[in-house]
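Undergrad: Got a file for you: input38.csv, CSV, C-alpha atoms and all ligand atoms.
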chain,number,residue,atom,x,y,z
I,12,MET,CA,118.3,83.6,90.7
I,13,SER,CA,115.8,80.8,91.5
I,14,ILE,CA,112.7,81.3,93.8
I,15,LYS,CA,114.6,79.2,96.4
I,16,ASP,CA,117.6,81.5,96.1
I,17,ASN,CA,115.4,84.5,96.5
I,18,ILE,CA,113.8,83.2,99.6
I,19,LEU,CA,117.1,82.4,101.1
I,20,TYR,CA,118.4,85.9,100.2
I,21,PHE,CA,115.5,87.6,102.0
I,22,ASP,CA,115.8,85.2,105.0
I,23,GLU,CA,119.4,86.4,105.3
I,24,GLN,CA,118.6,90.1,104.8
I,25,LEU,CA,115.8,90.0,107.4
I,26,ARG,CA,117.4,87.7,110.0
I,27,PRO,CA,119.1,90.6,112.0
I,28,THR,CA,115.8,92.6,111.9
I,29,PRO,CA,112.4,92.3,113.5
I,30,CYS,CA,110.9,92.3,110.0
I,31,ARG,CA,109.1,89.4,108.3
I,32,LEU,CA,108.6,88.6,104.7
I,33,VAL,CA,105.2,88.1,103.0
I,34,ALA,CA,105.9,86.3,99.7
I,35,VAL,CA,103.3,87.8,97.4
I,36,SER,CA,102.4,84.9,95.0
I,37,LYS,CA,99.5,86.5,93.1
I,38,THR,CA,99.3,85.5,89.4
I,39,HIS,CA,102.0,82.8,90.0
I,40,PRO,CA,101.2,79.1,89.9
I,41,VAL,CA,101.1,76.7,92.9
I,42,THR,CA,104.4,75.1,91.6
I,43,ALA,CA,106.1,78.4,92.2
I,44,ILE,CA,104.6,78.7,95.7
I,45,LYS,CA,105.7,75.1,96.4
I,46,GLU,CA,109.2,76.0,95.5
I,47,ALA,CA,109.2,78.8,98.1
I,48,TYR,CA,107.5,76.5,100.5
I,49,ASP,CA,110.2,73.8,100.0
I,50,ALA,CA,112.8,76.5,100.8
I,51,GLY,CA,111.2,76.8,104.2
I,52,HIS,CA,108.8,79.8,103.6
I,53,ARG,CA,105.4,79.7,105.2
I,54,LEU,CA,103.9,83.2,104.8
I,55,PHE,CA,102.3,84.1,101.5
I,56,GLY,CA,100.1,87.0,100.3
I,57,GLU,CA,97.4,87.0,97.7
I,58,ASN,CA,95.2,89.9,96.6
I,59,LYS,CA,92.2,88.1,95.1
I,60,VAL,CA,89.8,85.9,97.0
I,61,GLN,CA,89.1,83.4,94.2
I,62,GLU,CA,92.8,82.9,93.5
I,63,LEU,CA,93.5,82.6,97.2
I,64,ILE,CA,90.9,79.8,97.8
I,65,ASP,CA,92.0,77.9,94.7
I,66,LYS,CA,95.6,77.9,96.0
I,67,TYR,CA,94.7,77.2,99.6
I,68,ALA,CA,93.0,74.0,98.4
I,69,LEU,CA,96.0,72.8,96.6
I,70,LEU,CA,98.8,73.6,99.0
I,71,PRO,CA,99.9,72.4,102.5
I,72,HIS,CA,97.8,73.8,105.3
I,73,ASP,CA,100.6,75.0,107.5
I,74,ILE,CA,100.9,78.0,105.2
I,75,ALA,CA,99.9,81.3,106.7
I,76,TRP,CA,97.8,83.2,104.1
I,77,HIS,CA,97.5,87.0,104.2
I,78,LEU,CA,95.0,88.8,102.1
I,79,ILE,CA,96.6,92.0,100.9
I,80,GLY,CA,94.1,93.2,98.3
I,81,HIS,CA,90.7,95.0,98.6
I,82,LEU,CA,88.1,92.7,100.1
I,83,GLN,CA,84.4,93.0,99.4
I,84,THR,CA,82.1,92.2,102.3
I,85,ASN,CA,80.2,89.6,100.4
I,86,LYS,CA,83.4,87.6,99.9
I,87,VAL,CA,84.5,87.4,103.5
I,88,LYS,CA,82.7,84.1,104.0
I,89,TYR,CA,84.9,82.3,101.5
I,90,ILE,CA,88.1,82.9,103.5
I,91,ALA,CA,87.0,83.4,107.1
I,92,GLU,CA,87.6,79.8,108.0
I,93,PHE,CA,91.3,79.6,107.2
I,94,ILE,CA,92.8,83.1,106.6
I,95,ASP,CA,95.6,84.1,109.0
I,96,MET,CA,95.6,87.8,108.4
I,97,ILE,CA,93.5,90.3,106.4
I,98,GLN,CA,95.9,93.2,105.8
I,99,SER,CA,93.4,95.3,103.8
I,100,VAL,CA,90.7,96.2,106.3
I,101,ASP,CA,89.5,99.6,105.2
I,102,SER,CA,86.1,100.1,106.8
I,103,LEU,CA,84.1,99.3,110.0
I,104,LYS,CA,81.5,97.6,107.8
I,105,LEU,CA,84.1,95.1,106.5
I,106,LEU,CA,85.4,94.5,110.0
I,107,LYS,CA,81.9,93.8,111.2
I,108,GLU,CA,81.5,91.2,108.5
I,109,ILE,CA,84.8,89.6,109.3
I,110,ASN,CA,83.9,89.4,113.0
I,111,LYS,CA,80.5,87.8,112.1
I,112,ARG,CA,82.0,85.2,109.8
I,113,ALA,CA,84.8,84.3,112.2
I,114,GLU,CA,82.1,83.7,114.9
I,115,MET,CA,80.0,81.6,112.5
I,116,PHE,CA,82.9,79.4,111.6
I,117,GLY,CA,83.7,78.9,115.2
I,118,ARG,CA,87.3,79.7,114.8
I,119,THR,CA,89.5,78.9,117.8
I,120,LEU,CA,91.7,81.8,117.0
I,121,PRO,CA,90.5,85.3,116.1
I,122,ILE,CA,91.1,86.6,112.6
I,123,ASN,CA,94.1,88.9,112.5
I,124,CYS,CA,93.4,92.2,110.8
I,125,MET,CA,95.4,95.2,109.8
I,126,LEU,CA,93.9,98.6,109.1
I,127,GLN,CA,94.9,99.8,105.7
I,128,ILE,CA,95.9,103.4,105.7
I,129,ALA,CA,96.1,105.5,102.5
I,130,ILE,CA,99.6,107.0,102.3
I,131,ALA,CA,100.0,107.4,98.5
I,132,ASP,CA,98.8,110.3,96.5
I,133,GLU,CA,96.8,108.3,94.0
I,134,GLU,CA,93.2,108.7,95.1
I,135,THR,CA,92.2,105.4,93.6
I,136,LYS,CA,94.1,103.4,96.2
I,137,TYR,CA,92.1,101.9,99.0
I,138,GLY,CA,92.6,102.7,102.6
I,139,MET,CA,91.5,105.0,105.5
I,140,SER,CA,92.9,108.1,106.8
I,141,CYS,CA,94.5,107.8,110.2
I,142,ASP,CA,91.6,109.9,111.6
I,143,GLU,CA,89.1,107.4,110.1
I,144,ALA,CA,91.1,104.5,111.7
I,145,GLU,CA,91.0,106.3,115.0
I,146,ALA,CA,87.2,106.8,114.7
I,147,LEU,CA,86.8,103.1,113.9
I,148,LEU,CA,88.8,102.0,117.0
I,149,GLN,CA,86.7,104.4,119.1
I,150,SER,CA,83.4,103.0,118.0
I,151,GLU,CA,81.2,101.0,120.3
I,152,GLU,CA,80.8,98.4,117.5
I,153,TYR,CA,84.4,97.7,117.2
I,154,ARG,CA,84.8,97.4,121.0
I,155,GLY,CA,82.2,94.7,121.0
I,156,MET,CA,84.0,92.5,118.4
I,157,LYS,CA,85.4,89.3,119.9
I,158,TYR,CA,86.5,87.4,116.9
I,159,ILE,CA,89.0,89.7,115.4
I,160,ARG,CA,92.4,91.0,116.5
I,161,ILE,CA,93.9,94.2,115.2
I,162,THR,CA,97.6,93.6,114.7
I,163,GLY,CA,98.7,96.9,113.1
I,164,VAL,CA,98.6,99.0,110.0
I,165,MET,CA,99.3,98.4,106.3
I,166,GLY,CA,100.1,100.9,103.6
I,167,ILE,CA,101.0,101.0,99.9
I,168,ALA,CA,103.3,103.7,98.9
I,169,THR,CA,103.2,105.7,95.6
I,170,ASN,CA,104.8,103.9,92.7
I,171,THR,CA,107.8,106.2,92.3
I,172,GLU,CA,111.6,106.2,92.5
I,173,ASP,CA,111.6,109.4,94.5
I,174,GLU,CA,113.3,108.3,97.7
I,175,GLN,CA,112.3,111.3,99.7
I,176,LYS,CA,108.7,110.9,98.8
I,177,LEU,CA,108.7,107.2,99.7
I,178,ARG,CA,110.4,107.9,103.0
I,179,GLY,CA,107.8,110.5,103.7
I,180,GLU,CA,104.9,108.1,103.0
I,181,PHE,CA,106.5,105.4,105.2
I,182,ARG,CA,107.0,107.9,108.0
I,183,THR,CA,103.3,108.9,107.7
I,184,LEU,CA,102.3,105.3,108.2
I,185,ARG,CA,104.7,104.8,111.1
I,186,ALA,CA,103.4,108.0,112.7
I,187,CYS,CA,99.8,106.7,112.4
I,188,PHE,CA,100.9,103.4,113.9
I,189,THR,CA,102.4,105.2,116.9
I,190,ARG,CA,99.4,107.4,117.4
I,191,LEU,CA,97.0,104.4,117.3
I,192,LYS,CA,99.3,102.4,119.5
I,193,GLU,CA,99.5,105.1,122.2
I,194,THR,CA,95.8,105.8,122.1
I,195,PHE,CA,94.2,102.4,121.9
I,196,PHE,CA,96.8,99.6,122.3
I,197,PHE,CA,99.2,101.0,124.9
I,198,ALA,CA,99.3,97.8,126.9
I,199,ASN,CA,98.3,95.5,124.1
I,200,GLY,CA,101.2,93.6,122.5
I,201,ASP,CA,99.1,92.3,119.6
I,202,PHE,CA,99.2,95.7,117.9
I,203,LYS,CA,102.8,95.6,116.6
I,204,GLU,CA,102.9,95.4,112.8
I,205,ILE,CA,103.7,98.1,110.2
I,206,SER,CA,103.3,96.4,106.9
I,207,MET,CA,105.1,98.5,104.2
I,208,GLY,CA,107.6,98.0,101.5
I,209,MET,CA,107.4,96.0,98.2
I,210,SER,CA,110.0,94.7,95.7
I,211,ALA,CA,111.1,98.2,94.6
I,212,ASP,CA,111.2,99.9,98.0
I,213,TRP,CA,111.5,97.3,100.8
I,214,GLU,CA,115.0,98.5,101.8
I,215,LEU,CA,113.7,102.0,102.4
I,216,ALA,CA,110.7,100.7,104.2
I,217,LEU,CA,112.9,98.6,106.5
I,218,GLU,CA,114.9,101.6,107.4
I,219,GLU,CA,111.7,103.5,108.2
I,220,GLY,CA,110.6,100.8,110.6
I,221,SER,CA,108.6,98.2,108.6
I,222,THR,CA,107.9,95.0,110.4
I,223,MET,CA,106.5,93.2,107.4
I,224,ILE,CA,107.5,93.6,103.8
I,225,ARG,CA,105.4,92.3,100.9
I,226,VAL,CA,107.5,91.1,98.0
I,227,GLY,CA,106.2,89.6,94.8
I,228,SER,CA,108.2,90.2,91.7
I,229,GLY,CA,111.4,90.3,93.7
I,230,ILE,CA,110.9,86.6,94.6
I,231,PHE,CA,108.7,85.1,91.8
I,232,GLY,CA,109.7,87.3,88.8
I,233,ALA,CA,107.6,89.6,86.8
I,234,ARG,CA,103.8,89.0,86.7
I,235,ASP,CA,102.1,88.1,83.4
I,236,TYR,CA,98.6,89.5,83.5
I,237,SER,CA,97.9,88.4,79.9
I,238,LYS,CA,97.3,84.8,81.0
I,301,LIG,C1,101.3,93.0,94.4
I,301,LIG,C2,101.4,93.6,95.7
I,301,LIG,C3,102.7,93.6,96.4
I,301,LIG,C4,104.0,93.1,95.8
I,301,LIG,O1,104.4,93.8,94.7
I,301,LIG,P1,105.8,93.6,94.0
I,301,LIG,O2,106.1,95.0,93.5
I,301,LIG,O3,105.7,92.6,93.0
I,301,LIG,O4,106.7,93.3,95.1
I,301,LIG,C5,102.7,94.1,97.7
I,301,LIG,N1,101.6,94.6,98.3
I,301,LIG,C6,100.4,94.6,97.6
I,301,LIG,C7,99.2,95.2,98.4
I,301,LIG,C8,100.3,94.1,96.4
I,301,LIG,O5,99.1,94.1,95.8
Any chance you could put this one into structure tokens?

TA:
Amino acid sequence: MSIKDNILYFDEQLRPTPCRLVAVSKTHPVTAIKEAYDAGHRLFGENKVQELIDKYALLPHDIAWHLIGHLQTNKVKYIAEFIDMIQSVDSLKLLKEINKRAEMFGRTLPINCMLQIAIADEETKYGMSCDEAEALLQSEEYRGMKYIRITGVMGIATNTEDEQKLRGEFRTLRACFTRLKETFFFANGDFKEISMGMSADWELALEEGSTMIRVGSGIFGARDYSK
């Protein structure tokens, strides 16, 4: 299937649901992104800052870019002007920097941020515990931030075919979402996203309440890291 066919396939699958698709274009060329764009898609995800800014410069500016990979504080300044969503916020320190840079660039809209929650068992993966996310939201510093908007939580499940394990991790993320929603965002409609599910497990994630799936190889084909 072509990239266009894949986009149309996901459009159809997600149409009856409240879930949106982030087309993860990392490692793929701008020509591939353009193909998805021409099929009507406008929401793309990248995991590296340099690659993201190179692609941003070459593609139409009505694309909504989501950063989905780990972000170092010293690189926030390169994306703060244009980024639509940073899905990978994993510390108060990073959030402070995002808020500061958004203010400096005089953005008219706040930067949308998701709190990345660790749900997989690999200890190398980034993300906070739900307790840490709660502490962040409770802090005075967070409450003073005017240029960011927390829109939900993001999680990366274990790379496994074990369906029960995957469902368990997705439920953990959803439970964290519900807890934070009830504690901090009860009357705040901005906090509504649960970003979970990738090419191999998006159908399970959708069943478990995902509002945003992040699909790369399922749209653009396998990634070639040797280039
Ligand atoms: C690469 C990546 C994806 C997409 O992975 P696929 O298996 O190719 O769909 C989703 N989320 C994150 C955080 C990623 O880094």

Undergrad: Would you give me, as a tab-separated table, each residue of chain I having an atom within 9 Å of an atom of ligand LIG 301 (chain I), along with its shortest atom pair and that distance in Å to one decimal, using only C-alpha atoms and all ligand atoms and sorting by chain and residue number?

TA:
residue	atom	partner	partner_atom	distance
I:Val33	CA	I:LIG301	C5	8.4
I:Ala34	CA	I:LIG301	C4	8.1
I:Val35	CA	I:LIG301	C4	5.6
I:Ser36	CA	I:LIG301	C1	8.2
I:Lys37	CA	I:LIG301	C1	6.9
I:Gly56	CA	I:LIG301	C5	8.0
I:Glu57	CA	I:LIG301	O5	7.5
I:Asn58	CA	I:LIG301	O5	5.8
I:Leu78	CA	I:LIG301	C7	8.5
I:Ile79	CA	I:LIG301	C7	4.8
I:Gly80	CA	I:LIG301	C7	5.5
I:His81	CA	I:LIG301	C7	8.5
I:Gln98	CA	I:LIG301	C7	8.3
I:Ser99	CA	I:LIG301	C7	7.9
I:Met165	CA	I:LIG301	C7	8.5
I:Gly166	CA	I:LIG301	C7	7.8
I:Ile167	CA	I:LIG301	C7	6.3
I:Ser206	CA	I:LIG301	N1	8.9
I:Met207	CA	I:LIG301	N1	7.9
I:Gly208	CA	I:LIG301	C5	7.3
I:Met209	CA	I:LIG301	O4	4.2
I:Ser210	CA	I:LIG301	O4	3.6
I:Ala211	CA	I:LIG301	O2	6.0
I:Asp212	CA	I:LIG301	O2	8.4
I:Trp213	CA	I:LIG301	O4	8.5
I:Ile224	CA	I:LIG301	C5	7.8
I:Arg225	CA	I:LIG301	C5	4.6
I:Val226	CA	I:LIG301	O4	3.7
I:Gly227	CA	I:LIG301	O3	3.5
I:Ser228	CA	I:LIG301	O3	3.7
I:Gly229	CA	I:LIG301	O4	5.7
I:Ile230	CA	I:LIG301	O4	7.9
I:Phe231	CA	I:LIG301	O3	8.2
I:Gly232	CA	I:LIG301	O3	7.9
I:Ala233	CA	I:LIG301	O3	7.1
I:Arg234	CA	I:LIG301	O3	7.5

Undergrad: Please return as a list in words every residue within 12 Å of (92.8, 101.4, 97.4), taking into account all atoms listed in the file and the file's own coordinates.

TA: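 In the file's frame, the residues around the point are Asn58, Ile79, Gly80, His81, Leu82, Ser99, Val100, Asp101, Ser102, Gln127, Ile128, Ala129, Ile130, Ala131, Asp132, Glu133, Glu134, Thr135, Lys136, Tyr137, Gly138, Met139, Ser140, Met165, Gly166, Ile167, Ala168 and Thr169 of chain I.
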
Undergrad: Quick one: of I:Lys176, I:Lys59, I:Lys203, I:Lys15, who's nearest to Phe188 of chain I, counting all atoms listed in the file?

TA: I:Lys203

Undergrad: Provide the atom CA of Ile90 of chain I to atom CA of Asp65 of chain I distance in Å, to one decimal place.

TA: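 Distance reported for this atom pair: 10.8 Å.
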
Undergrad: Using Å and a single decimal, report how far atom CA of Ile44 of chain I sits from atom CA of Glu92 of chain I.

TA: 21.0 Å

Undergrad: Hey, could you make a per-residue contact list for segment 62-124 of chain I against segment 143-155 of chain I with 12 Å as the cut-off, showing the nearest pair of atoms and its distance in Å to one decimal, counting all atoms listed in the file, sorted by chain and number, as CSV?

TA:
residue,atom,partner,partner_atom,distance
I:Val100,CA,I:Ala144,CA,9.9
I:Asp101,CA,I:Ala144,CA,8.3
I:Ser102,CA,I:Leu147,CA,7.7
I:Leu103,CA,I:Leu147,CA,6.1
I:Lys104,CA,I:Glu152,CA,9.8
I:Leu105,CA,I:Tyr153,CA,11.0
I:Leu106,CA,I:Tyr153,CA,7.9
I:Lys107,CA,I:Tyr153,CA,7.6
I:Glu108,CA,I:Tyr153,CA,11.2
I:Ile109,CA,I:Tyr153,CA,11.3
I:Asn110,CA,I:Tyr153,CA,9.3
I:Lys111,CA,I:Gly155,CA,11.4

Undergrad: If I take atom CA of Gln24 of chain I and atom CA of Ile74 of chain I, how far is one from the other in Å, to one decimal?

TA: 21.4 Å

Undergrad: If we count only C-alpha atoms, what is near Gly220 of chain I at a cut-off of 9 Å, once residues fewer than 6 positions away on the same chain are taken out, given as a count of residues only?

TA: 6

Undergrad: Show which residues sit within 8 Å of His52 of chain I, as a PDB file with C-alpha atoms, in the frame of the given file. Count only C-alpha atoms, and ignore same-chain residues fewer than 4 positions away.

TA:
ATOM      1  CA  ILE I  18     113.800  83.200  99.600  1.00  0.00           C
ATOM      2  CA  ALA I  47     109.200  78.800  98.100  1.00  0.00           C
ATOM      3  CA  TYR I  48     107.500  76.500 100.500  1.00  0.00           C
TER       4      TYR I  48
END

Undergrad: Which residues are near Met96 of chain I? Cut-off 6 Å, all atoms listed in the file, ignore same chain within fewer than 6 positions. Put them as a PyMOL selection string.

TA: chain I and resi 77+123-124

Undergrad: Nearest to Gly51 of chain I: which of I:Thr183, I:Asp16, I:Thr38, I:Ala68 is it, counting all atoms listed in the file?

TA: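 Among I:Thr183, I:Asp16, I:Thr38, I:Ala68, it is I:Asp16 that comes nearest to Gly51 of chain I.
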
Undergrad: Taking all atoms listed in the file into account, which of I:Gly117, I:Val87, I:Pro40, I:Met12 comes nearest Leu70 of chain I?

TA: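 Closest candidate: I:Pro40.
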
Undergrad: Measuring between all atoms listed in the file, which one of I:Glu172, I:Glu23, I:Glu214, I:Glu219 shows the shortest distance to Leu184 of chain I?

TA: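 That would be I:Glu219, the residue with the smallest distance to Leu184 of chain I.
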
Undergrad: Please supply segment 111-133 of chain I, rebuilt with N, CA and C atoms, as a CSV table (one decimal), in the coordinates of the input.

TA:
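What landed in part-v2.csv:
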chain,number,residue,atom,x,y,z
I,111,LYS,N,81.7,88.7,112.2
I,111,LYS,CA,80.5,87.8,112.1
I,111,LYS,C,80.9,86.5,111.6
I,112,ARG,N,81.6,86.5,110.5
I,112,ARG,CA,82.0,85.2,109.8
I,112,ARG,C,82.9,84.4,110.7
I,113,ALA,N,83.8,85.0,111.4
I,113,ALA,CA,84.8,84.3,112.2
I,113,ALA,C,84.0,83.6,113.3
I,114,GLU,N,83.0,84.3,113.8
I,114,GLU,CA,82.1,83.7,114.9
I,114,GLU,C,81.3,82.5,114.3
I,115,MET,N,80.8,82.7,113.1
I,115,MET,CA,80.0,81.6,112.5
I,115,MET,C,80.8,80.3,112.3
I,116,PHE,N,82.1,80.5,111.8
I,116,PHE,CA,82.9,79.4,111.6
I,116,PHE,C,83.5,78.8,112.9
I,117,GLY,N,83.2,79.4,114.0
I,117,GLY,CA,83.7,78.9,115.2
I,117,GLY,C,85.2,78.7,115.3
I,118,ARG,N,85.8,79.7,114.8
I,118,ARG,CA,87.3,79.7,114.8
I,118,ARG,C,87.8,79.7,116.2
I,119,THR,N,88.9,78.9,116.4
I,119,THR,CA,89.5,78.9,117.8
I,119,THR,C,90.4,80.1,118.0
I,120,LEU,N,90.9,80.6,116.9
I,120,LEU,CA,91.7,81.8,117.0
I,120,LEU,C,91.0,83.0,116.3
I,121,PRO,N,91.1,84.2,116.8
I,121,PRO,CA,90.5,85.3,116.1
I,121,PRO,C,91.2,85.5,114.7
I,122,ILE,N,90.5,86.3,113.9
I,122,ILE,CA,91.1,86.6,112.6
I,122,ILE,C,92.0,87.9,112.8
I,123,ASN,N,93.2,87.8,112.4
I,123,ASN,CA,94.1,88.9,112.5
I,123,ASN,C,93.8,89.9,111.4
I,124,CYS,N,93.7,91.2,111.8
I,124,CYS,CA,93.4,92.2,110.8
I,124,CYS,C,94.4,93.4,110.9
I,125,MET,N,94.7,94.0,109.8
I,125,MET,CA,95.4,95.2,109.8
I,125,MET,C,94.5,96.3,109.2
I,126,LEU,N,94.7,97.5,109.7
I,126,LEU,CA,93.9,98.6,109.1
I,126,LEU,C,94.8,99.2,108.0
I,127,GLN,N,94.2,99.2,106.8
I,127,GLN,CA,94.9,99.8,105.7
I,127,GLN,C,94.8,101.3,105.6
I,128,ILE,N,95.9,101.9,105.7
I,128,ILE,CA,95.9,103.4,105.7
I,128,ILE,C,96.4,103.9,104.4
I,129,ALA,N,95.7,104.9,103.8
I,129,ALA,CA,96.1,105.5,102.5
I,129,ALA,C,97.2,106.5,102.8
I,130,ILE,N,98.4,106.2,102.1
I,130,ILE,CA,99.6,107.0,102.3
I,130,ILE,C,100.0,107.5,100.9
I,131,ALA,N,99.6,106.9,99.8
I,131,ALA,CA,100.0,107.4,98.5
I,131,ALA,C,99.2,108.5,98.0
I,132,ASP,N,99.7,109.2,97.0
I,132,ASP,CA,98.8,110.3,96.5
I,132,ASP,C,97.8,109.9,95.5
I,133,GLU,N,97.9,108.7,94.9
I,133,GLU,CA,96.8,108.3,94.0
I,133,GLU,C,95.5,108.1,94.8
